[in-house]
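Novice: File data-v9.cif follows (mmCIF, C-alpha atoms):
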data_upload
loop_
_atom_site.label_atom_id
_atom_site.label_comp_id
_atom_site.auth_asym_id
_atom_site.auth_seq_id
_atom_site.Cartn_x
_atom_site.Cartn_y
_atom_site.Cartn_z
CA MET O 1 64.66 39.30 71.85
CA THR O 2 64.59 38.27 75.51
CA ILE O 3 65.83 40.47 78.37
CA SER O 4 66.50 38.89 81.74
CA LEU O 5 64.67 40.89 84.39
CA PRO O 6 65.32 40.90 88.13
CA ALA O 7 62.55 39.11 90.00
CA PRO O 8 61.03 42.28 91.57
CA ALA O 9 60.76 44.00 88.16
CA GLU O 10 59.23 40.90 86.61
CA GLU O 11 56.74 40.68 89.47
CA ALA O 12 55.77 44.34 89.08
CA LEU O 13 55.02 43.84 85.38
CA ARG O 14 53.02 40.69 86.13
CA ARG O 15 50.91 42.36 88.81
CA LEU O 16 50.08 45.31 86.59
CA ASN O 17 49.30 43.05 83.63
CA ASP O 18 47.11 40.80 85.78
CA ALA O 19 45.16 43.90 86.86
CA GLY O 20 44.47 44.70 83.21
CA PHE O 21 47.14 47.34 82.56
CA ASP O 22 50.04 47.53 80.12
CA ALA O 23 53.45 47.70 81.79
CA PHE O 24 57.04 47.74 80.53
CA VAL O 25 60.51 48.27 81.90
CA VAL O 26 61.79 51.37 80.14
CA GLY O 27 64.73 53.69 79.52
CA GLY O 28 68.21 53.26 80.88
CA CYS O 29 67.70 49.74 82.23
CA VAL O 30 66.74 48.51 78.75
CA ARG O 31 69.62 50.39 77.15
CA ASP O 32 72.20 49.06 79.61
CA THR O 33 70.93 45.48 79.37
CA LEU O 34 71.19 45.56 75.57
CA LEU O 35 74.74 46.84 75.99
CA GLN O 36 75.43 43.98 78.42
CA ARG O 37 75.97 46.44 81.23
CA VAL O 38 74.45 46.08 84.71
CA PRO O 39 71.62 48.61 85.12
CA GLY O 40 71.83 50.92 88.11
CA ASP O 41 68.08 50.77 88.60
CA TRP O 42 64.92 49.50 86.94
CA ASP O 43 62.09 51.84 85.91
CA VAL O 44 58.60 50.79 84.88
CA THR O 45 56.12 52.64 82.69
CA THR O 46 52.45 51.69 82.65
CA SER O 47 49.01 52.58 81.35
CA ALA O 48 47.72 52.51 84.94
CA MET O 49 46.95 55.87 86.53
CA PRO O 50 48.90 56.70 89.73
CA GLY O 51 45.96 55.79 91.98
CA GLU O 52 45.54 52.52 90.11
CA VAL O 53 49.23 51.73 90.60
CA GLU O 54 48.87 52.34 94.33
CA ALA O 55 45.86 50.03 94.41
CA VAL O 56 47.74 47.24 92.59
CA PHE O 57 50.54 47.42 95.17
CA SER O 58 48.38 48.20 98.19
CA GLY O 59 50.10 45.53 100.27
CA GLU O 60 53.58 46.93 99.60
CA ARG O 61 55.42 50.03 100.69
CA VAL O 62 54.51 52.74 98.18
CA ILE O 63 56.20 56.17 98.15
CA GLU O 64 54.60 59.02 96.22
CA THR O 65 57.93 60.10 94.75
CA GLY O 66 56.49 62.39 92.10
CA ILE O 67 52.79 61.74 92.20
CA LYS O 68 52.04 65.04 90.41
CA HIS O 69 54.03 63.76 87.43
CA GLY O 70 52.66 60.25 87.67
CA THR O 71 55.52 58.56 89.49
CA VAL O 72 55.37 56.36 92.57
CA THR O 73 58.15 54.21 93.99
CA VAL O 74 57.24 50.67 95.01
CA LEU O 75 59.53 48.54 97.18
CA LEU O 76 59.39 44.89 96.14
CA SER O 77 61.72 42.43 97.88
CA GLY O 78 63.88 45.38 98.92
CA MET O 79 64.26 46.74 95.37
CA PRO O 80 62.89 50.26 94.72
CA LEU O 81 61.03 50.46 91.41
CA GLU O 82 59.91 53.80 89.99
CA ILE O 83 56.58 53.21 88.27
CA THR O 84 55.34 56.06 86.07
CA THR O 85 52.10 56.46 84.17
CA TYR O 86 52.35 57.00 80.41
CA ARG O 87 52.28 60.74 79.95
CA VAL O 88 52.55 63.58 77.46
CA ASP O 89 54.36 66.75 78.53
CA GLY O 90 52.90 70.20 78.01
CA GLU O 91 54.76 73.34 76.98
CA TYR O 92 58.21 74.03 78.41
CA LYS O 93 58.79 77.71 79.13
CA ASP O 94 61.88 77.55 81.34
CA ASN O 95 63.95 74.87 79.55
CA ARG O 96 63.53 72.72 82.66
CA HIS O 97 59.95 71.73 83.50
CA PRO O 98 56.72 71.24 81.55
CA GLU O 99 53.99 73.70 82.45
CA ASP O 100 51.64 70.75 82.74
CA ILE O 101 51.40 67.07 81.91
CA SER O 102 48.59 64.83 80.77
CA PHE O 103 48.34 61.11 81.26
CA THR O 104 47.79 58.82 78.31
CA ARG O 105 47.09 55.14 77.74
CA ASN O 106 49.42 55.10 74.71
CA LEU O 107 53.01 53.85 75.13
CA THR O 108 54.21 55.37 71.83
CA GLU O 109 53.13 58.86 72.96
CA ASP O 110 55.04 58.36 76.21
CA LEU O 111 58.23 57.24 74.44
CA ALA O 112 58.05 60.24 72.10
CA ARG O 113 58.73 62.67 74.98
CA ARG O 114 62.01 60.99 75.98
CA ASP O 115 65.42 62.49 75.30
CA PHE O 116 67.44 60.08 73.16
CA THR O 117 66.55 57.07 71.06
CA VAL O 118 68.71 54.76 73.15
CA ASN O 119 66.63 55.74 76.19
CA ALA O 120 63.27 55.44 74.42
CA MET O 121 62.95 51.65 74.34
CA ALA O 122 60.59 49.57 76.47
CA TYR O 123 60.38 45.85 77.15
CA ASN O 124 57.83 43.37 78.39
CA PRO O 125 58.43 39.57 78.37
CA THR O 126 55.15 39.00 76.56
CA VAL O 127 55.29 41.83 74.01
CA GLY O 128 59.08 41.91 73.62
CA LEU O 129 61.11 45.02 72.76
CA VAL O 130 59.20 48.15 71.76
CA ASP O 131 61.52 50.41 69.78
CA GLU O 132 59.59 53.06 67.88
CA TYR O 133 62.51 55.44 67.28
CA GLY O 134 65.46 53.28 66.23
CA GLY O 135 67.20 53.03 69.59
CA GLN O 136 68.49 49.51 69.02
CA GLU O 137 70.06 50.50 65.69
CA ASP O 138 71.65 53.55 67.31
CA LEU O 139 73.09 51.32 70.03
CA GLN O 140 74.60 49.08 67.38
CA ASN O 141 75.99 52.10 65.55
CA GLN O 142 77.13 53.68 68.84
CA VAL O 143 75.30 56.94 68.23
CA ILE O 144 73.50 59.35 70.57
CA ARG O 145 70.52 60.85 68.72
CA CYS O 146 67.56 62.86 69.97
CA VAL O 147 64.06 61.48 69.70
CA GLY O 148 62.40 63.62 67.05
CA ASP O 149 63.52 67.23 66.60
CA PRO O 150 66.65 67.95 68.68
CA ASP O 151 65.89 71.67 69.06
CA THR O 152 62.55 70.74 70.58
CA ARG O 153 64.12 68.21 72.94
CA PHE O 154 66.76 70.69 74.13
CA GLY O 155 64.17 73.43 74.45
CA GLU O 156 62.14 71.18 76.75
CA ASP O 157 65.02 70.47 79.11
CA ALA O 158 68.35 72.18 78.49
CA LEU O 159 70.16 69.67 80.70
CA ARG O 160 69.73 67.22 77.82
CA ILE O 161 72.45 69.18 76.01
CA LEU O 162 74.96 68.04 78.60
CA ARG O 163 73.34 64.62 79.03
CA ALA O 164 74.03 63.91 75.35
CA LEU O 165 77.72 64.51 75.96
CA ARG O 166 77.63 62.52 79.17
CA PHE O 167 76.22 59.45 77.43
CA ALA O 168 78.70 59.85 74.57
CA SER O 169 81.60 60.13 77.00
CA VAL O 170 80.60 57.25 79.27
CA LEU O 171 79.56 54.88 76.46
CA GLY O 172 82.25 55.93 73.99
CA PHE O 173 79.58 56.84 71.40
CA SER O 174 79.53 59.58 68.79
CA ILE O 175 76.76 62.19 68.61
CA PHE O 176 74.48 62.14 65.57
CA SER O 177 75.21 65.12 63.30
CA GLU O 178 71.78 66.78 63.63
CA THR O 179 71.90 66.38 67.40
CA ALA O 180 75.46 67.75 67.46
CA ASP O 181 74.47 70.81 65.44
CA ALA O 182 71.57 71.43 67.82
CA ILE O 183 73.90 71.26 70.83
CA HIS O 184 75.98 74.09 69.37
CA ARG O 185 72.86 76.11 68.48
CA ASN O 186 71.26 75.69 71.87
CA ARG O 187 74.36 75.84 74.06
CA GLU O 188 73.34 79.07 75.83
CA ARG O 189 70.25 77.32 77.21
CA ILE O 190 72.49 75.45 79.67
CA ARG O 191 72.62 78.67 81.70
CA ASN O 192 68.99 78.06 82.66
CA VAL O 193 69.80 74.78 84.43
CA SER O 194 70.55 74.67 88.15
CA ALA O 195 74.15 74.25 89.24
CA GLU O 196 73.31 71.02 91.08
CA ARG O 197 71.89 69.34 87.97
CA VAL O 198 74.80 70.49 85.78
CA THR O 199 77.36 69.30 88.31
CA ALA O 200 75.74 65.85 88.58
CA GLU O 201 76.06 65.38 84.81
CA LEU O 202 79.58 66.84 84.70
CA GLU O 203 80.79 64.35 87.29
CA LYS O 204 79.79 61.46 85.03
CA PHE O 205 80.91 63.20 81.85
CA LEU O 206 84.40 63.98 83.13
CA CYS O 207 84.99 60.36 84.14
CA GLY O 208 83.97 59.02 80.72
CA ASN O 209 86.09 57.34 78.07
CA THR O 210 86.05 59.98 75.32
CA VAL O 211 86.07 63.11 77.43
CA THR O 212 89.02 64.72 75.62
CA GLU O 213 87.45 64.48 72.17
CA LEU O 214 84.17 65.91 73.45
CA LEU O 215 85.84 68.76 75.34
CA LEU O 216 87.61 69.73 72.13
CA GLU O 217 84.58 69.39 69.87
CA TYR O 218 82.21 71.25 72.19
CA SER O 219 84.48 73.91 73.66
CA ASP O 220 81.74 76.48 73.01
CA LEU O 221 79.37 74.61 75.35
CA PHE O 222 81.95 74.24 78.11
CA CYS O 223 82.75 77.94 77.90
CA GLU O 224 79.07 78.55 78.65
CA ILE O 225 79.35 76.38 81.75
CA PHE O 226 82.81 77.71 82.70
CA PRO O 227 83.27 81.20 81.19
CA GLU O 228 86.76 81.22 82.70
CA LEU O 229 87.79 78.69 80.03
CA SER O 230 87.06 81.13 77.20
CA ALA O 231 90.45 82.82 77.48
CA CYS O 232 92.13 79.41 77.16
CA VAL O 233 90.59 78.45 73.80
CA GLY O 234 93.16 78.99 71.05
CA TYR O 235 95.63 80.53 73.53
CA GLU O 236 99.14 79.78 72.23
CA GLN O 237 101.46 79.00 75.13
CA LYS O 238 104.71 79.67 73.24
CA ASN O 239 106.70 77.61 75.68
CA ARG O 240 109.03 74.71 75.00
CA TYR O 241 107.15 72.57 77.51
CA HIS O 242 103.92 72.74 75.49
CA ARG O 243 102.97 71.58 72.00
CA TYR O 244 99.24 72.34 72.30
CA ASP O 245 97.31 75.54 72.81
CA LEU O 246 96.13 76.04 76.38
CA TYR O 247 92.61 74.67 75.98
CA GLU O 248 93.79 71.57 74.11
CA HIS O 249 96.41 70.97 76.79
CA ILE O 250 93.65 71.15 79.41
CA ALA O 251 91.38 68.78 77.44
CA ARG O 252 94.17 66.26 76.93
CA ALA O 253 95.24 66.46 80.57
CA VAL O 254 91.67 65.60 81.62
CA GLY O 255 91.73 62.53 79.39
CA TYR O 256 95.15 61.39 80.60
CA ALA O 257 94.04 61.59 84.24
CA GLU O 258 92.65 58.57 86.02
CA PRO O 259 88.83 58.63 86.05
CA ILE O 260 88.57 60.08 89.55
CA PHE O 261 86.22 63.07 89.63
CA GLU O 262 88.43 65.25 91.87
CA VAL O 263 91.48 64.59 89.69
CA ARG O 264 89.73 65.19 86.37
CA LEU O 265 88.04 68.35 87.65
CA THR O 266 91.46 69.52 88.82
CA MET O 267 92.85 69.01 85.34
CA LEU O 268 89.94 70.93 83.79
CA LEU O 269 90.71 73.97 85.94
CA HIS O 270 94.41 73.63 86.74
CA ASP O 271 95.71 76.17 84.18
CA ILE O 272 92.84 78.66 83.89
CA GLY O 273 95.00 81.33 85.51
CA LYS O 274 97.71 81.20 82.84
CA PRO O 275 96.43 84.03 80.62
CA GLU O 276 96.36 86.33 83.67
CA THR O 277 99.96 85.55 84.64
CA MET O 278 101.73 85.44 81.27
CA SER O 279 105.03 87.25 80.84
CA GLU O 280 107.37 87.12 77.85
CA GLY O 281 111.08 86.46 78.17
CA PRO O 282 113.84 87.98 76.02
CA ASP O 283 113.80 84.89 73.82
CA GLY O 284 110.07 85.23 73.10
CA GLN O 285 109.18 82.30 75.34
CA HIS O 286 106.05 82.76 77.45
CA HIS O 287 106.26 82.21 81.19
CA PHE O 288 103.41 81.79 83.66
CA TYR O 289 104.90 82.47 87.07
CA GLY O 290 102.35 82.16 89.83
CA HIS O 291 99.71 80.62 87.58
CA ALA O 292 99.00 77.75 89.99
CA LYS O 293 98.00 80.17 92.75
CA GLU O 294 95.95 82.30 90.34
CA SER O 295 94.23 79.21 88.94
CA ALA O 296 93.42 77.98 92.45
CA ASN O 297 91.92 81.34 93.37
CA MET O 298 89.79 81.38 90.22
CA ALA O 299 88.76 77.77 90.80
CA LYS O 300 87.47 78.50 94.29
CA SER O 301 84.66 80.66 92.96
CA ILE O 302 83.88 78.08 90.26
CA LEU O 303 83.73 75.25 92.78
CA ARG O 304 81.39 77.25 95.01
CA ARG O 305 79.25 77.97 91.97
CA MET O 306 79.06 74.24 91.25
CA ARG O 307 77.64 73.68 94.76
CA LEU O 308 80.14 70.94 95.45
CA PRO O 309 80.65 69.57 98.96
CA ALA O 310 83.12 71.62 101.00
CA LYS O 311 85.60 68.74 101.17
CA THR O 312 85.65 68.41 97.37
CA GLN O 313 86.11 72.16 96.98
CA ARG O 314 89.11 72.12 99.33
CA MET O 315 90.64 69.07 97.69
CA VAL O 316 90.39 70.37 94.13
CA SER O 317 91.58 73.90 94.97
CA ASP O 318 94.52 72.43 96.93
CA LEU O 319 95.47 70.13 94.06
CA ILE O 320 95.38 73.05 91.64
CA TYR O 321 97.50 75.17 94.00
CA TRP O 322 100.11 72.40 94.35
CA HIS O 323 99.94 70.97 90.83
CA ASP O 324 103.40 72.12 89.72
CA VAL O 325 105.24 71.87 93.06
CA PRO O 326 108.48 69.81 92.73
CA LEU O 327 108.25 66.17 93.83
CA THR O 328 111.15 63.73 94.11
CA GLU O 329 111.80 60.38 95.76
CA ASP O 330 113.84 62.10 98.52
CA PRO O 331 112.24 60.98 101.82
CA LYS O 332 112.90 64.37 103.43
CA LEU O 333 111.03 66.16 100.65
CA LEU O 334 108.18 63.66 100.72
CA LYS O 335 107.83 64.17 104.47
CA ARG O 336 107.64 67.92 103.93
CA ARG O 337 104.94 67.39 101.31
CA LEU O 338 103.03 65.06 103.62
CA ASN O 339 103.22 67.69 106.32
CA LYS O 340 101.72 70.33 104.02
CA MET O 341 99.14 68.22 102.19
CA GLY O 342 98.42 64.97 103.96
CA GLU O 343 98.58 61.53 102.37
CA GLU O 344 95.28 61.66 100.46
CA THR O 345 96.08 64.92 98.68
CA LEU O 346 99.67 63.90 97.95
CA ARG O 347 98.61 60.61 96.37
CA LEU O 348 96.10 62.44 94.16
CA LEU O 349 98.75 65.04 93.34
CA LEU O 350 100.93 62.30 91.86
CA LYS O 351 98.08 61.46 89.49
CA VAL O 352 97.60 65.15 88.65
CA GLN O 353 101.26 65.70 87.81
CA ARG O 354 101.38 62.57 85.65
CA ALA O 355 98.39 63.74 83.59
CA ASP O 356 99.84 67.25 83.29
CA ARG O 357 103.16 65.94 81.97
CA LEU O 358 101.56 63.57 79.46
CA ALA O 359 99.61 66.50 77.98
CA GLN O 360 102.73 68.64 77.48
CA SER O 361 105.45 68.41 74.82
CA GLU O 362 107.43 65.26 74.16
CA PHE O 363 110.33 65.72 76.54
CA PRO O 364 108.28 66.45 79.70
CA ALA O 365 105.91 63.62 78.78
CA GLU O 366 108.74 61.12 78.34
CA GLY O 367 109.07 58.93 81.40
CA ALA O 368 105.98 60.36 83.13
CA ASP O 369 104.57 56.92 83.93
CA ALA O 370 107.90 55.54 85.17
CA ASP O 371 108.51 58.59 87.34
CA ASN O 372 105.00 58.37 88.76
CA ASP O 373 105.48 54.70 89.63
CA ALA O 374 108.81 55.44 91.30
CA LEU O 375 107.29 58.26 93.36
CA SER O 376 104.38 56.07 94.43
CA LYS O 377 106.76 53.33 95.55
CA ALA O 378 108.94 55.81 97.41
CA LEU O 379 105.86 57.17 99.19
CA ASP O 380 104.69 53.67 100.07
CA ALA O 381 108.13 52.80 101.46
CA LEU O 382 108.25 55.99 103.50
CA LEU O 383 104.78 55.48 104.98
CA GLU O 384 105.70 51.96 106.04
CA THR O 385 108.16 53.55 108.48
CA SER O 386 105.36 55.59 110.12
CA PRO O 387 107.28 58.87 109.79
CA ALA O 388 106.53 61.88 111.96
CA VAL O 389 104.98 64.44 109.61
CA THR O 390 102.65 66.26 112.02
CA VAL O 391 103.07 67.56 115.55
CA GLY O 392 100.77 64.79 116.73
CA ASP O 393 103.30 62.22 115.51
CA LEU O 394 106.06 63.49 117.81
CA ALA O 395 107.17 61.29 120.69
CA ILE O 396 106.45 64.09 123.18
CA ASP O 397 103.31 66.09 123.92
CA GLY O 398 102.27 69.39 125.41
CA ASN O 399 102.61 68.16 129.00
CA ASP O 400 106.29 67.38 128.42
CA LEU O 401 106.82 70.92 127.19
CA LEU O 402 104.97 72.37 130.17
CA ASP O 403 107.25 70.37 132.44
CA LEU O 404 110.20 72.09 130.78
CA GLY O 405 108.71 75.45 131.68
CA LEU O 406 107.40 76.39 128.25
CA ALA O 407 104.08 78.17 127.97
CA GLY O 408 101.71 79.76 125.45
CA PRO O 409 103.11 80.34 121.95
CA GLU O 410 106.46 78.86 123.02
CA ILE O 411 104.89 75.40 123.04
CA GLY O 412 103.73 75.61 119.43
CA GLU O 413 107.05 77.08 118.33
CA ALA O 414 108.96 74.29 120.05
CA GLU O 415 106.75 71.62 118.50
CA GLN O 416 107.24 73.03 115.00
CA GLU O 417 111.01 73.26 115.50
CA LEU O 418 111.21 69.66 116.70
CA LEU O 419 109.02 68.45 113.86
CA GLY O 420 111.25 70.15 111.30
CA LEU O 421 114.37 68.58 112.80
CA VAL O 422 112.78 65.14 112.87
CA MET O 423 111.52 65.39 109.27
CA ASP O 424 115.02 66.41 108.17
CA ASP O 425 116.53 63.42 110.06
CA ARG O 426 118.54 65.76 112.29
CA LEU O 427 116.87 64.35 115.40
CA PRO O 428 115.39 60.90 116.05
CA ASN O 429 111.73 60.88 116.99
CA GLU O 430 112.47 59.56 120.48
CA ARG O 431 111.17 61.16 123.65
CA GLN O 432 114.48 61.43 125.48
CA ALA O 433 116.31 62.79 122.43
CA LEU O 434 113.65 65.47 121.90
CA LEU O 435 113.64 66.48 125.56
CA GLN O 436 117.42 66.55 125.67
CA TYR O 437 117.52 68.86 122.65
CA LEU O 438 115.13 71.28 124.33
CA ARG O 439 117.05 71.18 127.65
CA GLU O 440 120.32 71.92 125.88
CA LYS O 441 118.71 74.70 123.91
CA GLY O 442 117.28 76.13 127.12
CA SER O 443 120.67 76.06 128.84
CA ARG O 444 122.19 77.93 125.92
CA ASN O 445 119.44 80.54 126.01
CA GLY O 446 119.32 81.05 129.80
CA PRO O 447 117.83 79.42 132.90
CA GLU O 448 114.66 77.41 132.69
CA LYS O 449 111.48 79.33 133.36
CA ASP O 450 109.37 78.39 136.30
CA ARG O 451 106.18 76.60 135.45
CA PRO O 452 103.24 79.06 135.40
CA ASP O 453 101.52 77.36 138.37
CA GLN O 454 104.57 77.42 140.66
#
Could you spell out this file's structure in structure tokens?

Specialist:
Amino acid sequence: MTISLPAPAEEALRRLNDAGFDAFVVGGCVRDTLLQRVPGDWDVTTSAMPGEVEAVFSGERVIETGIKHGTVTVLLSGMPLEITTYRVDGEYKDNRHPEDISFTRNLTEDLARRDFTVNAMAYNPTVGLVDEYGGQEDLQNQVIRCVGDPDTRFGEDALRILRALRFASVLGFSIFSETADAIHRNRERIRNVSAERVTAELEKFLCGNTVTELLLEYSDLFCEIFPELSACVGYEQKNRYHRYDLYEHIARAVGYAEPIFEVRLTMLLHDIGKPETMSEGPDGQHHFYGHAKESANMAKSILRRMRLPAKTQRMVSDLIYWHDVPLTEDPKLLKRRLNKMGEETLRLLLKVQRADRLAQSEFPAEGADADNDALSKALDALLETSPAVTVGDLAIDGNDLLDLGLAGPEIGEAEQELLGLVMDDRLPNERQALLQYLREKGSRNGPEKDRPDQ
């Protein structure tokens, strides 16, 4: 088997080999190439010790990325290559880091410490593919399987529990039965992993192809990550709009959403406030008045816990808050929504509402795509007219209002009144028309006030 390597990676292998060391590209780049996917980066593993690697590339820029763990980054022709010495990890006591490592000259020992078989393959143009643990067969069978004992692998680094699901979701693979059983057994270990590392994996997992199936199969794991979801599992909604229990509705809504992280995270959290807001009508139907606000409030603490950027936190909590607000093609209503949310949030809200409807019962789901397309076109048509939806869009400014004798809070009140009239098409957004309205209003309410500086 021949793998086409980028020139910098090929040169790195050649230099190390010429210096008397073994060297292979390894891990994800091999996996992705065999899957005919474009690798995000190229990693090299070698029998050379870190100091020997630095000596081989003494004329290049070398960054001691993780020198303690045997990794240096070499820049060749502008491409960063992580080059790591073969190593064996010591005992893991915190489910995150080995207490110590030892370097080895044996490639097989190095591959044995890796997480999954599909990531434990190495390649060199001279030697060919080194696959000691059946990674190529697992790729062909579309299976994620731990290298060796899965309990040991997950005990070494608990993030691997979520990484298994991430690879399965992104690649559309299943999880080998023994590995799957170990995920359930070891699920509580995920609590030992930092929020930043969990969030980085979740972002990729949520945007994968089989996210719904995995959310349903591993609900116990996701309730460890998001305890707020526990009340949703098996929760019967008893409402004509829903054919699934609450957690299944959430899982299906995530899968129906476009693979945009903010949208899919919104769907994961959009209904978590329902159990807290449930009331029962005379007909036995359950109602969830105010659940969007409750869900948004609950989500805010979750989003902070995930250590997400502030902008992402605001966007997701806003989308959850607005997720069931009525939307129609009426330009006046769309202008009001633009005023409250802004274009970016409103466009994402359309995607949120589509996914929510598709995950409900048959009659809300019917026509969801057609309605979404119609709303998108109506929004596009409205925006082409450059409508006034904020005070800054008005054809007058604060100086005009000062000239009319307004001051302090009166200016803001006048601007908001004018904006409302313009959005409702009761006044044209033209300077003279806006000023005339204010003059006539002033004459009805009494004489004009003197300007403050007169």

Novice: Please measure the separation of CA of Asp157 in chain O and CA of Gly135 in chain O, giving the value in Å to one decimal.

Specialist: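 CA of Gly135 in chain O lies 20.0 Å from CA of Asp157 in chain O.
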
Novice: Which residue out of O:Gly367, O:Ile161, O:Arg153, O:Gly20 has the minimum interatomic distance to Arg197 in chain O when all atoms listed in the file are used?

Specialist: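 Distance minimum relative to Arg197 in chain O lands on O:Ile161.
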
Novice: Extract, using all atoms listed in the file, all DNA, RNA and protein residues at most 7 Å from Thr71 in chain O, discarding same-chain residues fewer than 3 positions from it, and format them as a PyMOL selection string.

Specialist: chain O and resi 50+64-67+82-85

Novice: Apply the PyMOL selection byres ((chain O and resi 397) around 12) to the structure shown and report the selected residues as an NGL selection string.

Specialist: :O and (390-396 or 398-404 or 406 or 411-412 or 414-416 or 418-419 or 430-431 or 434-435)

Novice: Take the PyMOL selection byres ((chain O and resi 338) around 10), run it mentally on this structure, and tell me the resulting residues as a count of residues only.

Specialist: 21

Novice: Please list as a ChimeraX atom specification every residue within 8 Å of Val26 in chain O, counting all atoms listed in the file and excluding residues in the same chain fewer than 3 positions away.

Specialist: /O:29-30,42-45,119-123

Novice: Determine the nearest neighbour of Gly128 in chain O from the options O:Leu107, O:Ala164, O:Phe57, O:Thr2, counting all atoms listed in the file.

Specialist: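 Looking at the shortest contact to Gly128 in chain O, the residue is O:Thr2.
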
Novice: Between O:Val88, O:Ala368, O:Ile144, O:Leu215, which has the minimum distance to Lys351 in chain O (counting only C-alpha atoms)?

Specialist: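 Among O:Val88, O:Ala368, O:Ile144, O:Leu215, it is O:Ala368 that comes nearest to Lys351 in chain O.
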
Novice: Taking 3 positions as the minimum chain separation for residues in the same chain, which residues sit within 7 Å of Ala296 in chain O when counting all atoms listed in the file? Answer as a PDB file with C-alpha atoms, in the coordinates of the input.

Specialist:
ATOM      1  CA  ALA O 292      99.000  77.750  89.990  1.00  0.00           C
ATOM      2  CA  LYS O 293      98.000  80.170  92.750  1.00  0.00           C
ATOM      3  CA  ALA O 299      88.760  77.770  90.800  1.00  0.00           C
ATOM      4  CA  LYS O 300      87.470  78.500  94.290  1.00  0.00           C
ATOM      5  CA  SER O 317      91.580  73.900  94.970  1.00  0.00           C
ATOM      6  CA  ILE O 320      95.380  73.050  91.640  1.00  0.00           C
ATOM      7  CA  TYR O 321      97.500  75.170  94.000  1.00  0.00           C
TER       8      TYR O 321
END

Novice: For the atom pair CA of Val198 in chain O and CA of Lys274 in chain O, what is the interatomic distance in Å to one decimal place?

Specialist: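 Calculated distance between CA of Val198 in chain O and CA of Lys274 in chain O is 25.5 Å.
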
Novice: Determine the residue membership of the PyMOL selection byres ((chain O and resi 62) around 6) for the file above and supply it as an MDAnalysis selection string.

Specialist: chainID O and resid 61 63 73:74
